[in-house]
$ cat run-v3.cif   # mmCIF, C-alpha atoms
data_data
loop_
_atom_site.label_atom_id
_atom_site.label_comp_id
_atom_site.auth_asym_id
_atom_site.auth_seq_id
_atom_site.Cartn_x
_atom_site.Cartn_y
_atom_site.Cartn_z
CA MET A 1 13.70 -9.04 -30.37
CA SER A 2 12.81 -12.65 -29.59
CA ASP A 3 9.38 -13.55 -28.21
CA GLU A 4 11.01 -16.06 -25.84
CA PRO A 5 9.07 -16.02 -22.53
CA LEU A 6 10.61 -15.13 -19.20
CA GLN A 7 12.25 -18.30 -17.89
CA LEU A 8 14.24 -19.44 -14.87
CA ALA A 9 16.72 -22.32 -15.13
CA VAL A 10 18.06 -23.64 -11.82
CA LEU A 11 21.80 -24.31 -12.08
CA GLY A 12 22.11 -25.14 -8.39
CA SER A 13 20.46 -24.44 -5.05
CA ALA A 14 22.64 -26.06 -2.36
CA THR A 15 24.18 -24.37 0.66
CA PRO A 16 26.78 -23.80 2.01
CA TYR A 17 28.75 -26.14 -0.27
CA PRO A 18 27.74 -28.27 -3.27
CA SER A 19 26.36 -31.74 -2.83
CA ALA A 20 27.26 -34.55 -5.21
CA ASP A 21 24.31 -33.68 -7.45
CA ASN A 22 23.52 -30.05 -6.61
CA PRO A 23 25.82 -27.03 -7.06
CA CYS A 24 25.42 -23.95 -4.87
CA SER A 25 23.15 -21.02 -5.71
CA GLY A 26 22.99 -20.11 -9.38
CA TYR A 27 20.28 -19.46 -11.94
CA LEU A 28 19.95 -18.43 -15.56
CA VAL A 29 17.17 -15.93 -16.17
CA SER A 30 16.27 -15.48 -19.82
CA GLY A 31 13.62 -13.77 -21.88
CA GLY A 32 13.26 -11.98 -25.18
CA GLY A 33 16.62 -13.33 -26.29
CA ALA A 34 18.55 -11.95 -23.27
CA ARG A 35 20.40 -14.15 -20.77
CA VAL A 36 21.51 -13.20 -17.26
CA TRP A 37 23.49 -15.47 -14.93
CA VAL A 38 22.05 -14.74 -11.49
CA ASP A 39 24.46 -15.74 -8.72
CA ALA A 40 27.55 -17.74 -9.57
CA GLY A 41 27.73 -20.12 -6.65
CA THR A 42 30.24 -22.94 -6.39
CA GLY A 43 29.83 -25.42 -9.23
CA THR A 44 27.29 -23.50 -11.30
CA LEU A 45 29.53 -22.66 -14.27
CA GLY A 46 29.30 -26.27 -15.46
CA PRO A 47 25.51 -26.52 -15.76
CA LEU A 48 25.34 -22.95 -17.05
CA GLN A 49 26.99 -24.23 -20.23
CA ARG A 50 24.00 -26.49 -20.93
CA HIS A 51 22.17 -23.24 -21.65
CA ALA A 52 24.77 -20.65 -22.67
CA ARG A 53 28.48 -20.12 -23.12
CA LEU A 54 30.13 -17.27 -21.25
CA ASP A 55 30.33 -15.28 -24.48
CA GLU A 56 26.57 -15.72 -24.97
CA LEU A 57 25.66 -14.07 -21.66
CA ASP A 58 24.26 -10.55 -21.68
CA ALA A 59 25.07 -9.94 -18.01
CA ILE A 60 25.88 -11.48 -14.63
CA TRP A 61 24.13 -10.38 -11.42
CA ILE A 62 25.49 -11.27 -7.95
CA SER A 63 23.42 -10.95 -4.77
CA HIS A 64 26.30 -10.90 -2.27
CA LEU A 65 29.89 -11.99 -1.86
CA HIS A 66 29.58 -15.20 0.13
CA ALA A 67 31.34 -17.97 -1.78
CA ASP A 68 28.22 -20.08 -2.28
CA HIS A 69 26.84 -17.23 -4.40
CA CYS A 70 29.91 -15.94 -6.24
CA ALA A 71 32.83 -18.39 -6.18
CA ASP A 72 32.44 -19.49 -9.80
CA LEU A 73 33.24 -15.95 -10.94
CA LEU A 74 36.83 -17.02 -10.34
CA THR A 75 36.69 -19.93 -12.77
CA ALA A 76 34.58 -17.85 -15.17
CA TYR A 77 37.41 -15.31 -15.25
CA TYR A 78 39.87 -17.95 -16.45
CA GLY A 79 37.34 -19.28 -18.93
CA ALA A 80 36.66 -15.83 -20.32
CA LEU A 81 40.30 -14.85 -20.82
CA TYR A 82 42.47 -17.94 -21.11
CA ALA A 83 40.52 -20.72 -22.84
CA ASP A 84 38.27 -21.16 -25.85
CA VAL A 85 35.94 -18.23 -25.12
CA ARG A 86 36.36 -15.08 -27.19
CA LEU A 87 34.59 -12.11 -25.66
CA ALA A 88 33.62 -9.24 -27.91
CA ALA A 89 33.67 -7.07 -24.76
CA PRO A 90 33.87 -7.68 -21.00
CA ILE A 91 30.70 -9.24 -19.59
CA PRO A 92 28.57 -6.71 -17.68
CA LEU A 93 28.71 -7.75 -14.03
CA TYR A 94 26.40 -6.23 -11.41
CA GLY A 95 27.42 -6.95 -7.83
CA PRO A 96 27.76 -5.53 -4.33
CA PRO A 97 30.32 -2.81 -3.53
CA GLY A 98 33.84 -4.24 -3.60
CA THR A 99 33.15 -7.00 -6.12
CA ALA A 100 36.02 -6.13 -8.48
CA ASP A 101 38.59 -5.78 -5.70
CA ARG A 102 37.45 -9.02 -4.06
CA LEU A 103 38.01 -10.87 -7.33
CA ALA A 104 41.35 -9.18 -7.92
CA ASP A 105 42.57 -9.99 -4.39
CA PHE A 106 42.05 -13.68 -5.05
CA LEU A 107 43.21 -13.79 -8.66
CA THR A 108 46.35 -11.63 -8.42
CA ASN A 109 49.49 -13.77 -8.41
CA THR A 110 52.23 -11.19 -8.97
CA ALA A 111 52.86 -7.56 -8.11
CA ARG A 112 50.57 -6.62 -11.02
CA ARG A 113 46.85 -6.54 -10.20
CA SER A 114 44.95 -9.22 -12.05
CA PRO A 115 43.00 -7.62 -14.94
CA VAL A 116 39.53 -8.62 -13.78
CA GLU A 117 38.05 -5.74 -15.78
CA SER A 118 39.22 -7.45 -18.97
CA ALA A 119 36.68 -10.19 -18.26
CA PHE A 120 33.99 -8.27 -16.37
CA ALA A 121 32.64 -4.73 -16.71
CA VAL A 122 31.70 -4.26 -13.05
CA THR A 123 28.87 -2.02 -11.87
CA GLU A 124 28.34 -1.81 -8.12
CA LEU A 125 24.78 -2.26 -6.92
CA ALA A 126 22.97 0.16 -4.64
CA ASP A 127 19.48 0.07 -3.18
CA GLY A 128 17.00 0.78 -5.96
CA HIS A 129 19.48 0.18 -8.80
CA ARG A 130 17.72 -0.31 -12.15
CA VAL A 131 19.06 -1.45 -15.50
CA HIS A 132 17.69 -2.90 -18.72
CA ILE A 133 19.42 -5.92 -20.23
CA GLY A 134 17.78 -6.07 -23.62
CA PRO A 135 14.06 -6.53 -22.87
CA LEU A 136 14.72 -7.57 -19.24
CA GLY A 137 14.21 -4.90 -16.60
CA LEU A 138 16.30 -5.55 -13.47
CA THR A 139 15.62 -3.83 -10.14
CA SER A 140 17.80 -4.47 -7.08
CA ARG A 141 16.97 -3.78 -3.45
CA ALA A 142 19.24 -3.94 -0.41
CA VAL A 143 18.13 -6.67 2.00
CA ASP A 144 19.03 -7.90 5.51
CA HIS A 145 21.90 -10.40 5.49
CA GLY A 146 24.40 -8.82 7.87
CA MET A 147 26.54 -7.64 4.95
CA PRO A 148 25.91 -5.84 1.64
CA ALA A 149 23.29 -8.05 -0.05
CA PHE A 150 20.60 -7.55 -2.64
CA ALA A 151 17.38 -9.06 -3.93
CA LEU A 152 16.40 -8.87 -7.59
CA ARG A 153 13.21 -8.31 -9.57
CA VAL A 154 13.25 -9.18 -13.27
CA GLU A 155 10.42 -8.01 -15.51
CA ALA A 156 9.71 -8.71 -19.18
CA GLY A 157 6.60 -8.95 -21.32
CA GLY A 158 4.32 -8.15 -18.42
CA ARG A 159 5.71 -11.00 -16.28
CA SER A 160 7.85 -10.75 -13.15
CA LEU A 161 10.30 -12.91 -11.23
CA VAL A 162 11.75 -11.97 -7.83
CA TYR A 163 14.81 -13.59 -6.25
CA SER A 164 15.46 -13.00 -2.55
CA GLY A 165 19.19 -13.68 -2.56
CA ASP A 166 20.07 -14.40 1.08
CA THR A 167 18.12 -12.36 3.61
CA ALA A 168 15.99 -12.39 6.69
CA PRO A 169 12.39 -11.33 6.11
CA CYS A 170 12.41 -7.59 5.48
CA ALA A 171 10.22 -4.84 4.08
CA ALA A 172 12.51 -4.26 1.10
CA LEU A 173 12.03 -7.83 -0.15
CA THR A 174 8.28 -7.76 0.41
CA GLU A 175 7.99 -4.46 -1.48
CA LEU A 176 10.16 -5.74 -4.32
CA ALA A 177 8.09 -8.93 -4.62
CA GLU A 178 4.70 -7.16 -4.62
CA GLY A 179 2.39 -8.94 -7.06
CA CYS A 180 5.17 -10.95 -8.72
CA ASP A 181 4.38 -14.02 -10.80
CA LEU A 182 7.14 -16.11 -9.22
CA LEU A 183 9.03 -15.61 -5.95
CA LEU A 184 12.29 -17.56 -5.64
CA CYS A 185 12.95 -17.32 -1.91
CA GLU A 186 15.65 -18.80 0.24
CA ALA A 187 14.65 -21.08 3.14
CA GLU A 188 18.00 -21.72 4.79
CA SER A 189 17.04 -21.83 8.46
CA PRO A 190 15.23 -24.70 10.16
CA THR A 191 14.34 -22.31 13.03
CA PRO A 192 14.23 -18.49 13.28
CA GLU A 193 17.31 -18.34 15.50
CA ALA A 194 19.76 -15.52 14.83
CA GLU A 195 23.41 -16.18 14.11
CA PRO A 196 25.74 -15.37 17.05
CA GLY A 197 26.46 -11.66 17.28
CA SER A 198 23.85 -10.67 14.70
CA GLY A 199 20.17 -10.55 13.97
CA PRO A 200 18.44 -13.06 11.70
CA VAL A 201 20.03 -13.34 8.25
CA HIS A 202 17.90 -16.05 6.59
CA HIS A 203 14.28 -17.14 6.10
CA THR A 204 12.75 -20.26 7.56
CA PRO A 205 10.39 -22.09 5.19
CA GLU A 206 7.42 -20.69 7.10
CA GLN A 207 8.82 -17.17 6.72
CA ALA A 208 9.33 -17.75 2.98
CA GLY A 209 5.65 -18.67 2.76
CA ALA A 210 4.66 -15.62 4.78
CA THR A 211 6.75 -13.32 2.58
CA ALA A 212 5.05 -14.76 -0.51
CA THR A 213 1.63 -14.25 1.05
CA VAL A 214 2.19 -10.66 2.15
CA ALA A 215 3.73 -9.82 -1.25
CA ARG A 216 0.78 -11.46 -3.05
CA ALA A 217 3.11 -13.60 -5.15
CA ALA A 218 1.41 -16.01 -7.54
CA ARG A 219 3.91 -18.86 -7.04
CA LEU A 220 6.69 -19.68 -4.58
CA LEU A 221 9.90 -21.60 -5.19
CA VAL A 222 11.95 -22.31 -2.08
CA THR A 223 15.70 -22.50 -2.59
CA HIS A 224 18.96 -22.47 -0.58
CA VAL A 225 17.42 -24.98 1.84
CA GLY A 226 19.72 -25.77 4.76
CA ARG A 227 21.18 -29.24 5.07
CA ALA A 228 19.18 -29.91 8.23
CA MET A 229 16.03 -30.13 6.09
CA ALA A 230 14.95 -32.16 3.09
CA PRO A 231 13.58 -30.03 0.23
CA ALA A 232 10.19 -31.74 0.56
CA GLU A 233 10.02 -30.73 4.21
CA ALA A 234 10.83 -27.11 3.32
CA VAL A 235 8.09 -27.11 0.65
CA ALA A 236 5.54 -28.53 3.07
CA ARG A 237 6.44 -26.05 5.79
CA ALA A 238 6.31 -23.09 3.40
CA GLY A 239 2.89 -24.30 2.26
CA THR A 240 1.49 -23.84 5.78
CA ARG A 241 1.89 -20.07 5.31
CA PHE A 242 1.18 -19.69 1.59
CA ALA A 243 -1.96 -20.89 -0.19
CA GLY A 244 -0.54 -20.77 -3.71
CA PRO A 245 1.64 -23.32 -5.53
CA VAL A 246 4.93 -24.13 -3.78
CA ALA A 247 7.86 -26.11 -5.18
CA HIS A 248 11.58 -26.57 -4.60
CA ALA A 249 14.23 -25.18 -6.94
CA ASP A 250 15.54 -28.58 -8.02
CA PRO A 251 18.87 -28.43 -9.87
CA GLY A 252 18.31 -28.71 -13.60
CA ALA A 253 14.67 -27.61 -13.42
CA THR A 254 13.34 -24.88 -15.71
CA PHE A 255 10.32 -22.74 -14.94
CA THR A 256 8.39 -20.49 -17.31
CA VAL A 257 7.18 -17.37 -15.54
#

$ encode --input "run-v3.cif" --output "structure tokens"
Amino acid sequence: MSDEPLQLAVLGSATPYPSADNPCSGYLVSGGGARVWVDAGTGTLGPLQRHARLDELDAIWISHLHADHCADLLTAYYGALYADVRLAAPIPLYGPPGTADRLADFLTNTARRSPVESAFAVTELADGHRVHIGPLGLTSRAVDHGMPAFALRVEAGGRSLVYSGDTAPCAALTELAEGCDLLLCEAESPTPEAEPGSGPVHHTPEQAGATATVARAARLLVTHVGRAMAPAEAVARAGTRFAGPVAHADPGATFTV
């Protein structure tokens, strides 16, 4: 087992589509020699390869099935099966219910269902799901996004990282983030307005700060900042509700937890 510390590499943090210099949501979480691609948003497969090839991943974890969090699974499928990658076995893929069929619906081009399971060994997430990927302990909780969606806690070597995925403030996220060393929390909404026909489905920056405070997180990284705000504005606003260090998940940045 490697003594590599728990680390977060930001592959992208844009929403709802990539900018010229920032892919959508995607991160590589690594520690103790294990590597997990967390969310595969549009454009993240490219920068992932600065850190790891597809056949060097130990797992993939997907928070929900909006394209800005999972679309690059489609290109990863072609890379895994039809290019220069040689998988010893399908990559373990943890995602919301329906993940395999959603991929197959898009990728199937004939009467025969596309063999997505040849590339990905899919396990459907449920509230409270736990799994160990080498030395990394992963715990998933269902959160409030108006569709099946999950937040993630990763623990290794006595350190902890929590990723909100996309969600409104909710008890499940706060409980999951209790006492974490680093909270990576979305801050999509400039105001706390609900989407038409639904309740709130995102955090504002102030709410991200409040979640970090109530959870007693040591550090806060805001991510998935809506295009109506500059990242610096989101950081400043989050800082009005959280007294600890606050930063933005800049693409290409790496953080040691």

$ atom_distance --input "run-v3.cif" --atom1 "atom CA of A:Arg153" --atom2 "atom CA of A:Thr139"
5.1 Å

$ closest_residue --input "run-v3.cif" --among "A:Leu8, A:Ala76, A:Pro148, A:Gly46" --to "A:Asn22" --atoms "all atoms listed in the file"
A:Gly46

$ residues_near_point --input "run-v3.cif" --point "(22.5, -9.0, -25.7)" --cutoff "6 Å" --atoms "all atoms listed in the file" --output "list of chain:residue names"
A:Ala34, A:Asp58, A:Gly134

$ atom_distance --input "run-v3.cif" --atom1 "atom CA of A:Thr211" --atom2 "atom CA of A:Pro190"
16.1 Å

$ residues_around --input "run-v3.cif" --residues "A:Leu136" --least-positions-apart "4" --cutoff "6 Å" --atoms "only C-alpha atoms" --output "PyMOL selection string"
chain A and resi 132+155-156

$ resolve_selection --input "run-v3.cif" --expression "the PyMOL selection byres ((chain A and resi 228) around 12)" --output "PyMOL selection string"
chain A and resi 14-16+187-191+204+224-227+229-234

$ atom_distance --input "run-v3.cif" --atom1 "atom CA of A:Leu11" --atom2 "atom CA of A:Tyr94"
18.7 Å

$ closest_residue --input "run-v3.cif" --among "A:Ala249, A:Ile133, A:Ala243, A:Ala142" --to "A:Val222" --atoms "all atoms listed in the file"
A:Ala249

$ residues_around --input "run-v3.cif" --residues "stretch 174-181 of chain A" --least-positions-apart "2" --cutoff "9 Å" --atoms "all atoms listed in the file" --output "list of chain:residue names"
A:Thr139, A:Ser140, A:Arg141, A:Ala151, A:Leu152, A:Arg153, A:Arg159, A:Ser160, A:Leu161, A:Val162, A:Tyr163, A:Ser164, A:Pro169, A:Cys170, A:Ala171, A:Ala172, A:Leu183, A:Thr211, A:Ala212, A:Val214, A:Ala215, A:Arg216, A:Ala217, A:Ala218, A:Arg219, A:Leu220, A:Val257

$ resolve_selection --input "run-v3.cif" --expression "the PyMOL selection byres ((chain A and resi 69) around 9)" --output "ChimeraX atom specification"
/A:24-26,38-42,62-68,70-72,165

$ resolve_selection --input "run-v3.cif" --expression "the PyMOL selection byres ((chain A and resi 117-128) around 8)" --output "list in words"
Tyr77, Ala80, Leu81, Leu87, Ala89, Pro90, Ile91, Pro92, Leu93, Tyr94, Gly95, Pro96, Pro97, Gly98, Thr99, Ala100, Pro115, Val116, His129, Arg130, Thr139, Ser140, Arg141, Ala142 and Phe150 of chain A

$ closest_residue --input "run-v3.cif" --among "A:Asp101, A:Glu186, A:Asp166, A:Glu206" --to "A:Thr223" --atoms "only C-alpha atoms"
A:Glu186

$ closest_residue --input "run-v3.cif" --among "A:Leu74, A:Ala88, A:Ala238, A:Ala247" --to "A:Ser114" --atoms "only C-alpha atoms"
A:Leu74

$ residues_around --input "run-v3.cif" --residues "A:Leu57" --least-positions-apart "3" --cutoff "7 Å" --atoms "all atoms listed in the file" --output "short mmCIF file (atom, residue, chain, number, x, y, z; two decimals) with C-alpha atoms, in the coordinates of the input"
data_model
loop_
_atom_site.label_atom_id
_atom_site.label_comp_id
_atom_site.auth_asym_id
_atom_site.auth_seq_id
_atom_site.Cartn_x
_atom_site.Cartn_y
_atom_site.Cartn_z
CA ARG A 35 20.40 -14.15 -20.77
CA VAL A 36 21.51 -13.20 -17.26
CA ALA A 52 24.77 -20.65 -22.67
CA ARG A 53 28.48 -20.12 -23.12
CA LEU A 54 30.13 -17.27 -21.25
#

$ residues_around --input "run-v3.cif" --residues "A:Ala9" --least-positions-apart "6" --cutoff "6 Å" --atoms "all atoms listed in the file" --output "list in words"
Tyr27, Leu28, Ala253 and Thr254 of chain A

$ closest_residue --input "run-v3.cif" --among "A:Gly239, A:Gly79, A:Gly43, A:Gly157" --to "A:Ser13" --atoms "all atoms listed in the file"
A:Gly43

$ decode --input "run-v3.cif" --residues "stretch 155-167 of chain A" --atoms "all heavy atoms" --output "tab-separated table (two decimals), in the first residue's frame"
chain	number	residue	atom	x	y	z
A	155	GLU	N	-12.75	8.71	2.73
A	155	GLU	CA	-11.89	8.71	3.92
A	155	GLU	C	-10.69	7.81	3.69
A	155	GLU	O	-10.81	6.74	3.09
A	155	GLU	CB	-12.68	8.21	5.13
A	155	GLU	CG	-13.83	9.13	5.51
A	155	GLU	CD	-14.68	8.58	6.63
A	155	GLU	OE1	-15.31	7.52	6.42
A	155	GLU	OE2	-14.72	9.20	7.70
A	156	ALA	N	-9.53	8.27	4.15
A	156	ALA	CA	-8.31	7.47	4.06
A	156	ALA	C	-7.28	8.06	5.01
A	156	ALA	O	-7.13	9.30	5.08
A	156	ALA	CB	-7.75	7.44	2.64
A	157	GLY	N	-6.57	7.21	5.72
A	157	GLY	CA	-5.49	7.67	6.58
A	157	GLY	C	-5.89	8.69	7.61
A	157	GLY	O	-5.11	9.59	7.95
A	158	GLY	N	-7.14	8.61	8.08
A	158	GLY	CA	-7.60	9.56	9.07
A	158	GLY	C	-8.02	10.91	8.52
A	158	GLY	O	-8.33	11.83	9.28
A	159	ARG	N	-8.05	11.06	7.21
A	159	ARG	CA	-8.46	12.31	6.56
A	159	ARG	C	-9.77	12.09	5.80
A	159	ARG	O	-10.10	10.96	5.42
A	159	ARG	CB	-7.38	12.82	5.59
A	159	ARG	CG	-5.98	12.86	6.18
A	159	ARG	CD	-5.88	13.78	7.38
A	159	ARG	NE	-5.96	15.19	7.01
A	159	ARG	CZ	-5.99	16.19	7.88
A	159	ARG	NH1	-5.99	15.94	9.18
A	159	ARG	NH2	-6.04	17.43	7.48
A	160	SER	N	-10.51	13.17	5.55
A	160	SER	CA	-11.82	13.02	4.92
A	160	SER	C	-12.11	14.18	3.97
A	160	SER	O	-11.81	15.34	4.24
A	160	SER	CB	-12.92	12.94	5.98
A	160	SER	OG	-12.87	14.07	6.83
A	161	LEU	N	-12.70	13.82	2.85
A	161	LEU	CA	-13.13	14.74	1.81
A	161	LEU	C	-14.59	14.46	1.52
A	161	LEU	O	-14.99	13.30	1.36
A	161	LEU	CB	-12.30	14.51	0.53
A	161	LEU	CG	-12.87	14.99	-0.80
A	161	LEU	CD1	-12.88	16.51	-0.86
A	161	LEU	CD2	-12.06	14.42	-1.97
A	162	VAL	N	-15.41	15.51	1.45
A	162	VAL	CA	-16.83	15.36	1.12
A	162	VAL	C	-17.14	16.20	-0.11
A	162	VAL	O	-16.74	17.37	-0.19
A	162	VAL	CB	-17.72	15.77	2.31
A	162	VAL	CG1	-19.19	15.79	1.89
A	162	VAL	CG2	-17.53	14.79	3.46
A	163	TYR	N	-17.87	15.60	-1.05
A	163	TYR	CA	-18.29	16.25	-2.29
A	163	TYR	C	-19.81	16.28	-2.31
A	163	TYR	O	-20.45	15.24	-2.18
A	163	TYR	CB	-17.73	15.50	-3.49
A	163	TYR	CG	-18.29	15.91	-4.82
A	163	TYR	CD1	-18.37	17.25	-5.20
A	163	TYR	CD2	-18.72	14.95	-5.74
A	163	TYR	CE1	-18.89	17.62	-6.43
A	163	TYR	CE2	-19.22	15.31	-6.98
A	163	TYR	CZ	-19.31	16.64	-7.32
A	163	TYR	OH	-19.82	17.00	-8.55
A	164	SER	N	-20.37	17.45	-2.49
A	164	SER	CA	-21.83	17.61	-2.43
A	164	SER	C	-22.56	17.03	-3.63
A	164	SER	O	-23.75	16.73	-3.53
A	164	SER	CB	-22.18	19.10	-2.32
A	164	SER	OG	-21.82	19.79	-3.52
A	165	GLY	N	-21.85	16.85	-4.78
A	165	GLY	CA	-22.61	16.66	-6.02
A	165	GLY	C	-23.46	17.91	-6.23
A	165	GLY	O	-23.07	19.03	-5.85
A	166	ASP	N	-24.62	17.76	-6.85
A	166	ASP	CA	-25.56	18.87	-7.00
A	166	ASP	C	-26.71	18.66	-6.04
A	166	ASP	O	-27.37	17.61	-6.06
A	166	ASP	CB	-26.11	18.93	-8.43
A	166	ASP	CG	-25.17	19.62	-9.40
A	166	ASP	OD1	-24.03	19.92	-9.01
A	166	ASP	OD2	-25.59	19.85	-10.55
A	167	THR	N	-26.98	19.65	-5.20
A	167	THR	CA	-28.04	19.51	-4.22
A	167	THR	C	-28.37	20.86	-3.59
A	167	THR	O	-27.51	21.74	-3.49
A	167	THR	CB	-27.63	18.53	-3.10
A	167	THR	OG1	-28.69	18.43	-2.14
A	167	THR	CG2	-26.36	18.96	-2.39
